[in-house]
Amino acid sequence: MDSLEVTIENQPVQLPLLSQKNIILHIKREDFIHPFVSGNKFRKLKYNLIEARKQGFESLLTFGGAYSNHIAATAYAAREKGFKSIGVIRGEELADQWSQNPTLRFAKAQGMQLHFVSRETYRTKTDARFLDGLQTQYGPAFILPEGGANALAVKGCEEILKDVDARFHVLCSCVGTGGTLAGIINSSAPTQSVLGFPALKGDFLKEDIRKFAQKGNWELQTDYHFGGYAKVDERLIRFINDFRRKTGIPLDPIYTGKMVFGILDLIKKDFFPPNTSILAIHTGGLQGIAGMNQRLKRKHLPLLEL
């Protein structure tokens, strides 16, 4: 997996709003790192896979929902590196429907064993008794938390920023479990501020981020979740499609679309002083668009352009 990593140039965004407000916005295209293990998933898995090999494990066991980027990335990375993989999937009703789901179909094609559980059972995913039962059923496995966020994942995400990125005043990232943001915080320069845009509703992520963040130069912008995790509306869909047409940069509706919407909205509201230079991290997640379009079609909403 390491051999496929490439150097990505930060991509400048050209929009009239930016010149009007005298703001510079670049997007770091982490989605280009790997065709199937893109963005922050590559970063989070890198040192975890090294540790799993070091400890002599032959299997990886992890958790996720029906359209999880982490499930898809882990399945591919495991096969590429010679591991078996088990994915504990939230929603037992999916057991008979997985072949209709692009993410789960992809994971299965990589050899991942899918273990479906009810949402109630899924909430016990960190309980020792539940984990012991899984390893009794599937054998010893290196356990990756939901979303892949642990100390090794944060270490990988600390490598997102390069020396050249120290020129930016503000660093922005979407937030799921908080591991990516913590890595960016840890590798940020003392003069930089870091903004996180949670995809989940609520302010509870601060404590999770503080477990790994070594600096205090960050804050969360919690007004751009669009109703909560995986919630979208027609306004967000149209924004993502319009942004792609104008810039050539694709965004996903769960994470990066909400972040970029939030950044541009803050610019409109003069949150940033003139002459501010912003670097937004594109964390990948584009594989989930196909599944989201299935949901949008059922709801008779506009589709995301692929």
# chains A, B, ... in the order shown; residues from 1 in each chain; ligands from 1
>>> residues_around(residues="region 199-212 of chain A", least_positions_apart="2", cutoff="8 Å", atoms="only C-alpha atoms", output="PyMOL selection string")
chain A and resi 151+154+174-179+181-183+197+214+220+222+224-225+227-230+254-255+258
>>> closest_atom_pairs(of="region 74-186 of chain A", to="region 260-282 of chain A", cutoff="12 Å", atoms="only C-alpha atoms", output="JSON lines")
{"residue": "A:Cys157", "atom": "CA", "partner": "A:Ile281", "partner_atom": "CA", "distance": 11.0}
{"residue": "A:Ile160", "atom": "CA", "partner": "A:Ile281", "partner_atom": "CA", "distance": 8.5}
{"residue": "A:Leu161", "atom": "CA", "partner": "A:Ile281", "partner_atom": "CA", "distance": 9.2}
{"residue": "A:Lys162", "atom": "CA", "partner": "A:Leu279", "partner_atom": "CA", "distance": 11.7}
{"residue": "A:Val164", "atom": "CA", "partner": "A:Leu279", "partner_atom": "CA", "distance": 11.2}
{"residue": "A:Asp165", "atom": "CA", "partner": "A:Leu279", "partner_atom": "CA", "distance": 7.8}
{"residue": "A:Ala166", "atom": "CA", "partner": "A:Leu279", "partner_atom": "CA", "distance": 9.8}
{"residue": "A:Arg167", "atom": "CA", "partner": "A:Ser277", "partner_atom": "CA", "distance": 8.0}
{"residue": "A:Phe168", "atom": "CA", "partner": "A:Ser277", "partner_atom": "CA", "distance": 5.2}
{"residue": "A:His169", "atom": "CA", "partner": "A:Ser277", "partner_atom": "CA", "distance": 5.3}
{"residue": "A:Val170", "atom": "CA", "partner": "A:Ile278", "partner_atom": "CA", "distance": 4.8}
{"residue": "A:Leu171", "atom": "CA", "partner": "A:Leu279", "partner_atom": "CA", "distance": 4.9}
{"residue": "A:Cys172", "atom": "CA", "partner": "A:Ala280", "partner_atom": "CA", "distance": 4.5}
{"residue": "A:Ser173", "atom": "CA", "partner": "A:Ile281", "partner_atom": "CA", "distance": 5.3}
{"residue": "A:Cys174", "atom": "CA", "partner": "A:Ile281", "partner_atom": "CA", "distance": 7.8}
{"residue": "A:Val175", "atom": "CA", "partner": "A:Ile281", "partner_atom": "CA", "distance": 10.7}
{"residue": "A:Thr180", "atom": "CA", "partner": "A:Ile281", "partner_atom": "CA", "distance": 9.7}
{"residue": "A:Leu181", "atom": "CA", "partner": "A:Ile281", "partner_atom": "CA", "distance": 9.7}
{"residue": "A:Gly183", "atom": "CA", "partner": "A:Ile281", "partner_atom": "CA", "distance": 11.9}
{"residue": "A:Ile184", "atom": "CA", "partner": "A:Ile281", "partner_atom": "CA", "distance": 9.4}
>>> write_last_selection(atoms="N, CA and C atoms", output="PDB file, in the first residue's frame")
ATOM      1  N   CYS A 157      -2.233  10.184  10.377  1.00  0.00           N
ATOM      2  CA  CYS A 157      -2.830  11.444   9.950  1.00  0.00           C
ATOM      3  C   CYS A 157      -1.923  12.641  10.217  1.00  0.00           C
ATOM      4  N   ILE A 160      -0.293  13.993   7.026  1.00  0.00           N
ATOM      5  CA  ILE A 160      -1.058  14.677   5.979  1.00  0.00           C
ATOM      6  C   ILE A 160      -0.395  15.995   5.601  1.00  0.00           C
ATOM      7  N   LEU A 161       0.013  16.758   6.600  1.00  0.00           N
ATOM      8  CA  LEU A 161       0.627  18.052   6.335  1.00  0.00           C
ATOM      9  C   LEU A 161       2.095  17.896   5.981  1.00  0.00           C
ATOM     10  N   LYS A 162       2.536  18.702   5.024  1.00  0.00           N
ATOM     11  CA  LYS A 162       3.940  18.754   4.619  1.00  0.00           C
ATOM     12  C   LYS A 162       4.514  20.112   5.018  1.00  0.00           C
ATOM     13  N   VAL A 164       5.573  22.495   3.276  1.00  0.00           N
ATOM     14  CA  VAL A 164       5.060  23.590   2.447  1.00  0.00           C
ATOM     15  C   VAL A 164       3.717  24.112   2.962  1.00  0.00           C
ATOM     16  N   ASP A 165       2.982  23.289   3.721  1.00  0.00           N
ATOM     17  CA  ASP A 165       1.662  23.693   4.201  1.00  0.00           C
ATOM     18  C   ASP A 165       1.718  24.662   5.366  1.00  0.00           C
ATOM     19  N   ALA A 166       2.905  24.926   5.880  1.00  0.00           N
ATOM     20  CA  ALA A 166       3.043  25.876   6.987  1.00  0.00           C
ATOM     21  C   ALA A 166       2.708  27.304   6.562  1.00  0.00           C
ATOM     22  N   ARG A 167       2.599  27.548   5.259  1.00  0.00           N
ATOM     23  CA  ARG A 167       2.304  28.904   4.788  1.00  0.00           C
ATOM     24  C   ARG A 167       0.838  29.289   4.954  1.00  0.00           C
ATOM     25  N   PHE A 168      -0.024  28.320   5.207  1.00  0.00           N
ATOM     26  CA  PHE A 168      -1.449  28.611   5.350  1.00  0.00           C
ATOM     27  C   PHE A 168      -1.776  29.055   6.768  1.00  0.00           C
ATOM     28  N   HIS A 169      -2.711  30.006   6.856  1.00  0.00           N
ATOM     29  CA  HIS A 169      -3.114  30.511   8.174  1.00  0.00           C
ATOM     30  C   HIS A 169      -4.083  29.567   8.879  1.00  0.00           C
ATOM     31  N   VAL A 170      -4.992  28.963   8.097  1.00  0.00           N
ATOM     32  CA  VAL A 170      -6.069  28.144   8.667  1.00  0.00           C
ATOM     33  C   VAL A 170      -6.079  26.784   7.975  1.00  0.00           C
ATOM     34  N   LEU A 171      -6.224  25.726   8.770  1.00  0.00           N
ATOM     35  CA  LEU A 171      -6.348  24.360   8.263  1.00  0.00           C
ATOM     36  C   LEU A 171      -7.748  23.860   8.585  1.00  0.00           C
ATOM     37  N   CYS A 172      -8.408  23.257   7.588  1.00  0.00           N
ATOM     38  CA  CYS A 172      -9.773  22.787   7.790  1.00  0.00           C
ATOM     39  C   CYS A 172      -9.884  21.306   7.463  1.00  0.00           C
ATOM     40  N   SER A 173     -10.650  20.590   8.264  1.00  0.00           N
ATOM     41  CA  SER A 173     -10.901  19.175   8.011  1.00  0.00           C
ATOM     42  C   SER A 173     -12.311  18.824   8.454  1.00  0.00           C
ATOM     43  N   CYS A 174     -12.936  17.903   7.736  1.00  0.00           N
ATOM     44  CA  CYS A 174     -14.192  17.335   8.222  1.00  0.00           C
ATOM     45  C   CYS A 174     -13.870  16.406   9.392  1.00  0.00           C
ATOM     46  N   VAL A 175     -14.878  16.102  10.194  1.00  0.00           N
ATOM     47  CA  VAL A 175     -14.666  15.312  11.405  1.00  0.00           C
ATOM     48  C   VAL A 175     -15.715  14.212  11.480  1.00  0.00           C
ATOM     49  N   THR A 180      -8.566  12.081  12.410  1.00  0.00           N
ATOM     50  CA  THR A 180      -7.906  12.866  11.372  1.00  0.00           C
ATOM     51  C   THR A 180      -7.621  14.279  11.861  1.00  0.00           C
ATOM     52  N   LEU A 181      -8.616  14.895  12.480  1.00  0.00           N
ATOM     53  CA  LEU A 181      -8.427  16.256  12.978  1.00  0.00           C
ATOM     54  C   LEU A 181      -7.319  16.297  14.019  1.00  0.00           C
ATOM     55  N   GLY A 183      -4.696  14.397  14.239  1.00  0.00           N
ATOM     56  CA  GLY A 183      -3.412  14.304  13.550  1.00  0.00           C
ATOM     57  C   GLY A 183      -3.006  15.623  12.929  1.00  0.00           C
ATOM     58  N   ILE A 184      -3.963  16.318  12.329  1.00  0.00           N
ATOM     59  CA  ILE A 184      -3.686  17.619  11.724  1.00  0.00           C
ATOM     60  C   ILE A 184      -3.306  18.633  12.799  1.00  0.00           C
TER      61      ILE A 184
END
>>> select_by_dssp(residues="region 84-150 of chain A", states="helix (DSSP H, G or I)", output="mmCIF file with C-alpha atoms, in the first residue's frame")
data_model
loop_
_atom_site.group_PDB
_atom_site.id
_atom_site.type_symbol
_atom_site.label_atom_id
_atom_site.label_comp_id
_atom_site.auth_asym_id
_atom_site.auth_seq_id
_atom_site.Cartn_x
_atom_site.Cartn_y
_atom_site.Cartn_z
ATOM 1 C CA GLU A 92 -29.073 -6.961 10.587
ATOM 2 C CA GLU A 93 -31.647 -6.255 7.855
ATOM 3 C CA LEU A 94 -28.717 -5.829 5.451
ATOM 4 C CA ALA A 95 -27.843 -9.522 5.639
ATOM 5 C CA ASP A 96 -30.219 -10.264 2.781
ATOM 6 C CA TRP A 98 -25.791 -6.599 0.883
ATOM 7 C CA SER A 99 -25.495 -7.440 -2.825
ATOM 8 C CA GLN A 100 -27.606 -4.351 -3.617
ATOM 9 C CA PRO A 102 -22.192 -0.834 -3.617
ATOM 10 C CA THR A 103 -19.958 -0.506 -0.534
ATOM 11 C CA LEU A 104 -20.756 -3.918 0.945
ATOM 12 C CA ARG A 105 -20.611 -5.576 -2.473
ATOM 13 C CA PHE A 106 -17.119 -4.112 -2.963
ATOM 14 C CA ALA A 107 -15.979 -5.226 0.502
ATOM 15 C CA LYS A 108 -17.284 -8.741 -0.111
ATOM 16 C CA ALA A 109 -15.467 -8.879 -3.451
ATOM 17 C CA ARG A 119 -28.239 -1.608 15.961
ATOM 18 C CA GLU A 120 -28.699 -2.481 19.622
ATOM 19 C CA THR A 121 -25.927 -5.073 19.484
ATOM 20 C CA TYR A 122 -23.720 -2.724 17.479
ATOM 21 C CA ALA A 128 -14.955 -7.149 25.934
ATOM 22 C CA ARG A 129 -17.594 -9.875 25.978
ATOM 23 C CA PHE A 130 -18.836 -8.964 22.506
ATOM 24 C CA LEU A 131 -15.297 -8.784 21.096
ATOM 25 C CA ASP A 132 -14.356 -12.110 22.691
ATOM 26 C CA GLY A 133 -17.389 -13.715 21.076
ATOM 27 C CA LEU A 134 -16.369 -12.426 17.646
ATOM 28 C CA GLN A 135 -12.845 -13.788 18.030
ATOM 29 C CA THR A 136 -14.188 -17.124 19.187
ATOM 30 C CA GLN A 137 -16.259 -17.239 16.010
ATOM 31 C CA TYR A 138 -13.675 -15.914 13.537
ATOM 32 C CA GLU A 146 -15.060 2.083 13.967
ATOM 33 C CA GLY A 147 -13.690 4.699 11.582
ATOM 34 C CA GLY A 148 -10.171 3.464 12.323
#
>>> residues_around(residues="Leu306 (chain A)", least_positions_apart="2", cutoff="12 Å", atoms="only C-alpha atoms", output="PDB file with N, CA, C and O atoms, in the first residue's frame")
ATOM      1  N   ILE A 240     -22.817  20.609  -4.003  1.00  0.00           N
ATOM      2  CA  ILE A 240     -21.732  19.701  -4.382  1.00  0.00           C
ATOM      3  C   ILE A 240     -21.608  19.607  -5.904  1.00  0.00           C
ATOM      4  O   ILE A 240     -20.496  19.657  -6.461  1.00  0.00           O
ATOM      5  N   ASN A 241     -22.742  19.486  -6.582  1.00  0.00           N
ATOM      6  CA  ASN A 241     -22.713  19.399  -8.046  1.00  0.00           C
ATOM      7  C   ASN A 241     -22.206  20.698  -8.667  1.00  0.00           C
ATOM      8  O   ASN A 241     -21.411  20.684  -9.615  1.00  0.00           O
ATOM      9  N   ARG A 244     -18.414  21.094  -8.151  1.00  0.00           N
ATOM     10  CA  ARG A 244     -17.640  20.250  -9.060  1.00  0.00           C
ATOM     11  C   ARG A 244     -17.596  20.856 -10.464  1.00  0.00           C
ATOM     12  O   ARG A 244     -16.558  20.837 -11.118  1.00  0.00           O
ATOM     13  N   ARG A 245     -18.724  21.377 -10.924  1.00  0.00           N
ATOM     14  CA  ARG A 245     -18.751  21.978 -12.259  1.00  0.00           C
ATOM     15  C   ARG A 245     -17.813  23.183 -12.335  1.00  0.00           C
ATOM     16  O   ARG A 245     -17.134  23.394 -13.341  1.00  0.00           O
ATOM     17  N   GLY A 248     -13.948  21.511 -10.764  1.00  0.00           N
ATOM     18  CA  GLY A 248     -13.429  20.205 -11.157  1.00  0.00           C
ATOM     19  C   GLY A 248     -13.115  19.305  -9.981  1.00  0.00           C
ATOM     20  O   GLY A 248     -12.559  18.217 -10.159  1.00  0.00           O
ATOM     21  N   ILE A 249     -13.476  19.729  -8.770  1.00  0.00           N
ATOM     22  CA  ILE A 249     -13.159  18.961  -7.562  1.00  0.00           C
ATOM     23  C   ILE A 249     -14.415  18.254  -7.066  1.00  0.00           C
ATOM     24  O   ILE A 249     -15.389  18.908  -6.673  1.00  0.00           O
ATOM     25  N   PRO A 250     -14.427  16.910  -7.048  1.00  0.00           N
ATOM     26  CA  PRO A 250     -15.589  16.190  -6.518  1.00  0.00           C
ATOM     27  C   PRO A 250     -15.568  16.160  -4.989  1.00  0.00           C
ATOM     28  O   PRO A 250     -14.505  16.065  -4.376  1.00  0.00           O
ATOM     29  N   LEU A 251     -16.735  16.254  -4.395  1.00  0.00           N
ATOM     30  CA  LEU A 251     -16.885  16.179  -2.943  1.00  0.00           C
ATOM     31  C   LEU A 251     -17.883  15.088  -2.603  1.00  0.00           C
ATOM     32  O   LEU A 251     -18.766  14.783  -3.399  1.00  0.00           O
ATOM     33  N   ASP A 252     -17.752  14.504  -1.417  1.00  0.00           N
ATOM     34  CA  ASP A 252     -18.742  13.515  -1.002  1.00  0.00           C
ATOM     35  C   ASP A 252     -19.777  14.190  -0.106  1.00  0.00           C
ATOM     36  O   ASP A 252     -19.501  15.228   0.506  1.00  0.00           O
ATOM     37  N   LEU A 286     -15.194   9.265  -1.689  1.00  0.00           N
ATOM     38  CA  LEU A 286     -16.018   9.363  -2.898  1.00  0.00           C
ATOM     39  C   LEU A 286     -16.702   8.049  -3.255  1.00  0.00           C
ATOM     40  O   LEU A 286     -17.687   8.046  -4.001  1.00  0.00           O
ATOM     41  N   GLN A 287     -16.201   6.933  -2.712  1.00  0.00           N
ATOM     42  CA  GLN A 287     -16.836   5.641  -3.008  1.00  0.00           C
ATOM     43  C   GLN A 287     -18.281   5.590  -2.522  1.00  0.00           C
ATOM     44  O   GLN A 287     -19.099   4.833  -3.044  1.00  0.00           O
ATOM     45  N   GLY A 288     -18.604   6.405  -1.540  1.00  0.00           N
ATOM     46  CA  GLY A 288     -19.944   6.379  -0.973  1.00  0.00           C
ATOM     47  C   GLY A 288     -21.001   7.070  -1.817  1.00  0.00           C
ATOM     48  O   GLY A 288     -22.196   6.974  -1.514  1.00  0.00           O
ATOM     49  N   ILE A 289     -20.586   7.757  -2.891  1.00  0.00           N
ATOM     50  CA  ILE A 289     -21.552   8.504  -3.697  1.00  0.00           C
ATOM     51  C   ILE A 289     -22.551   7.580  -4.374  1.00  0.00           C
ATOM     52  O   ILE A 289     -23.754   7.876  -4.444  1.00  0.00           O
ATOM     53  N   ALA A 290     -22.084   6.437  -4.875  1.00  0.00           N
ATOM     54  CA  ALA A 290     -22.989   5.507  -5.562  1.00  0.00           C
ATOM     55  C   ALA A 290     -24.110   5.049  -4.636  1.00  0.00           C
ATOM     56  O   ALA A 290     -25.291   4.999  -5.025  1.00  0.00           O
ATOM     57  N   GLY A 291     -23.762   4.708  -3.396  1.00  0.00           N
ATOM     58  CA  GLY A 291     -24.777   4.286  -2.433  1.00  0.00           C
ATOM     59  C   GLY A 291     -25.718   5.421  -2.059  1.00  0.00           C
ATOM     60  O   GLY A 291     -26.928   5.214  -1.913  1.00  0.00           O
ATOM     61  N   MET A 292     -25.171   6.624  -1.901  1.00  0.00           N
ATOM     62  CA  MET A 292     -26.016   7.770  -1.578  1.00  0.00           C
ATOM     63  C   MET A 292     -27.002   8.043  -2.705  1.00  0.00           C
ATOM     64  O   MET A 292     -28.176   8.373  -2.459  1.00  0.00           O
ATOM     65  N   ASN A 293     -26.553   7.889  -3.933  1.00  0.00           N
ATOM     66  CA  ASN A 293     -27.462   8.126  -5.060  1.00  0.00           C
ATOM     67  C   ASN A 293     -28.626   7.139  -5.064  1.00  0.00           C
ATOM     68  O   ASN A 293     -29.737   7.481  -5.494  1.00  0.00           O
ATOM     69  N   LEU A 303     -29.668  13.751  -8.035  1.00  0.00           N
ATOM     70  CA  LEU A 303     -28.549  12.854  -7.802  1.00  0.00           C
ATOM     71  C   LEU A 303     -27.234  13.619  -7.823  1.00  0.00           C
ATOM     72  O   LEU A 303     -27.110  14.671  -8.435  1.00  0.00           O
ATOM     73  N   LEU A 304     -26.245  13.051  -7.156  1.00  0.00           N
ATOM     74  CA  LEU A 304     -24.890  13.583  -7.184  1.00  0.00           C
ATOM     75  C   LEU A 304     -24.221  13.173  -8.493  1.00  0.00           C
ATOM     76  O   LEU A 304     -24.316  12.022  -8.907  1.00  0.00           O
TER      77      LEU A 304
END
>>> residues_around(residues="region 13-16 of chain A", least_positions_apart="4", cutoff="10 Å", atoms="only C-alpha atoms", output="PyMOL selection string")
chain A and resi 20-22+24-27+243+246-249+264
>>> closest_residue(among="A:Phe226, A:Phe142, A:Tyr76, A:Trp218", to="His34 (chain A)", atoms="only C-alpha atoms")
A:Tyr76
>>> select_by_dssp(residues="region 45-257 of chain A", states="strand (DSSP E or B)", output="PyMOL selection string")
chain A and resi 59-64+84-90+113-117+142-143+170-175+193-198+218-220
>>> write_last_selection(atoms="N, CA and C atoms", output="short mmCIF file (atom, residue, chain, number, x, y, z; two decimals), in the first residue's frame")
data_model
loop_
_atom_site.label_atom_id
_atom_site.label_comp_id
_atom_site.auth_asym_id
_atom_site.auth_seq_id
_atom_site.Cartn_x
_atom_site.Cartn_y
_atom_site.Cartn_z
N SER A 59 -5.59 -11.75 10.59
CA SER A 59 -6.91 -11.21 10.29
C SER A 59 -7.08 -9.82 10.91
N LEU A 60 -7.89 -9.00 10.23
CA LEU A 60 -8.30 -7.70 10.75
C LEU A 60 -9.80 -7.75 10.99
N LEU A 61 -10.25 -7.17 12.08
CA LEU A 61 -11.68 -7.11 12.40
C LEU A 61 -12.04 -5.67 12.69
N THR A 62 -13.09 -5.18 12.02
CA THR A 62 -13.47 -3.79 12.22
C THR A 62 -14.97 -3.61 12.09
N PHE A 63 -15.44 -2.37 12.15
CA PHE A 63 -16.85 -2.07 12.30
C PHE A 63 -17.25 -0.91 11.38
N GLY A 64 -18.52 -0.92 10.95
CA GLY A 64 -18.99 0.19 10.14
C GLY A 64 -20.42 0.02 9.69
N LYS A 84 -6.74 -11.58 6.18
CA LYS A 84 -8.17 -11.83 6.11
C LYS A 84 -8.86 -10.65 6.77
N SER A 85 -10.13 -10.44 6.47
CA SER A 85 -10.82 -9.31 7.10
C SER A 85 -12.25 -9.69 7.45
N ILE A 86 -12.69 -9.15 8.57
CA ILE A 86 -14.07 -9.34 9.03
C ILE A 86 -14.66 -7.96 9.29
N GLY A 87 -15.81 -7.69 8.73
CA GLY A 87 -16.49 -6.42 8.96
C GLY A 87 -17.78 -6.63 9.71
N VAL A 88 -17.89 -6.04 10.88
CA VAL A 88 -19.12 -6.09 11.66
C VAL A 88 -19.98 -4.92 11.20
N ILE A 89 -21.12 -5.23 10.59
CA ILE A 89 -21.93 -4.23 9.92
C ILE A 89 -23.18 -3.90 10.73
N ARG A 90 -23.42 -2.63 10.95
CA ARG A 90 -24.59 -2.16 11.69
C ARG A 90 -25.85 -2.31 10.83
N GLN A 113 -15.35 -10.95 5.22
CA GLN A 113 -16.51 -11.64 5.78
C GLN A 113 -17.39 -10.59 6.46
N LEU A 114 -18.63 -10.55 6.09
CA LEU A 114 -19.56 -9.56 6.64
C LEU A 114 -20.39 -10.19 7.75
N HIS A 115 -20.36 -9.57 8.91
CA HIS A 115 -21.08 -10.06 10.09
C HIS A 115 -22.10 -8.99 10.46
N PHE A 116 -23.37 -9.26 10.22
CA PHE A 116 -24.42 -8.27 10.43
C PHE A 116 -25.01 -8.39 11.84
N VAL A 117 -25.18 -7.25 12.49
CA VAL A 117 -25.75 -7.23 13.83
C VAL A 117 -26.81 -6.14 13.92
N PHE A 142 -6.71 -8.68 14.71
CA PHE A 142 -6.28 -7.34 15.10
C PHE A 142 -7.50 -6.43 14.96
N ILE A 143 -7.92 -5.80 16.05
CA ILE A 143 -9.17 -5.05 16.06
C ILE A 143 -8.92 -3.59 15.74
N VAL A 170 -4.99 28.96 8.10
CA VAL A 170 -6.07 28.14 8.67
C VAL A 170 -6.08 26.78 7.98
N LEU A 171 -6.22 25.73 8.77
CA LEU A 171 -6.35 24.36 8.26
C LEU A 171 -7.75 23.86 8.58
N CYS A 172 -8.41 23.26 7.59
CA CYS A 172 -9.77 22.79 7.79
C CYS A 172 -9.88 21.31 7.46
N SER A 173 -10.65 20.59 8.26
CA SER A 173 -10.90 19.17 8.01
C SER A 173 -12.31 18.82 8.45
N CYS A 174 -12.94 17.90 7.74
CA CYS A 174 -14.19 17.34 8.22
C CYS A 174 -13.87 16.41 9.39
N VAL A 175 -14.88 16.10 10.19
CA VAL A 175 -14.67 15.31 11.40
C VAL A 175 -15.72 14.21 11.48
N SER A 193 -4.26 28.02 12.88
CA SER A 193 -5.47 27.59 13.58
C SER A 193 -6.12 26.47 12.78
N VAL A 194 -6.80 25.56 13.47
CA VAL A 194 -7.40 24.38 12.86
C VAL A 194 -8.89 24.39 13.11
N LEU A 195 -9.68 24.25 12.05
CA LEU A 195 -11.13 24.19 12.17
C LEU A 195 -11.61 22.81 11.77
N GLY A 196 -12.46 22.22 12.60
CA GLY A 196 -13.07 20.93 12.30
C GLY A 196 -14.54 21.10 12.00
N PHE A 197 -15.02 20.38 10.99
CA PHE A 197 -16.42 20.44 10.58
C PHE A 197 -17.06 19.07 10.80
N PRO A 198 -17.70 18.86 11.94
CA PRO A 198 -18.27 17.54 12.25
C PRO A 198 -19.41 17.16 11.30
N TRP A 218 -7.41 24.79 18.07
CA TRP A 218 -8.47 24.24 17.23
C TRP A 218 -9.84 24.55 17.81
N GLU A 219 -10.83 24.47 16.94
CA GLU A 219 -12.22 24.59 17.35
C GLU A 219 -13.09 23.85 16.34
N LEU A 220 -14.31 23.53 16.75
CA LEU A 220 -15.25 22.85 15.88
C LEU A 220 -16.33 23.82 15.41
#
>>> atom_distance(atom1="CA of Pro145 (chain A)", atom2="CA of Gly111 (chain A)")
19.4 Å
>>> closest_residue(among="A:Glu9, A:Glu159, A:Leu301, A:Lys215", to="Asn40 (chain A)", atoms="only C-alpha atoms")
A:Glu159
>>> closest_residue(among="A:Arg43, A:Lys54, A:Lys155, A:Lys297", to="Ser187 (chain A)", atoms="only C-alpha atoms")
A:Lys155
>>> residues_around(residues="Tyr47 (chain A)", least_positions_apart="5", cutoff="9 Å", atoms="only C-alpha atoms", output="VMD selection string")
chain A and resid 52 152 to 153 155 to 156
>>> write_last_selection(atoms="C-alpha atoms", output="PDB file, in the first residue's frame")
ATOM      1  CA  ALA A  52      -0.931  -6.018  12.970  1.00  0.00           C
ATOM      2  CA  LEU A 152      -1.737   4.608  15.326  1.00  0.00           C
ATOM      3  CA  ALA A 153      -4.338   6.201  13.051  1.00  0.00           C
ATOM      4  CA  LYS A 155       0.132   9.001  13.858  1.00  0.00           C
ATOM      5  CA  GLY A 156      -0.666   8.332  10.214  1.00  0.00           C
TER       6      GLY A 156
END
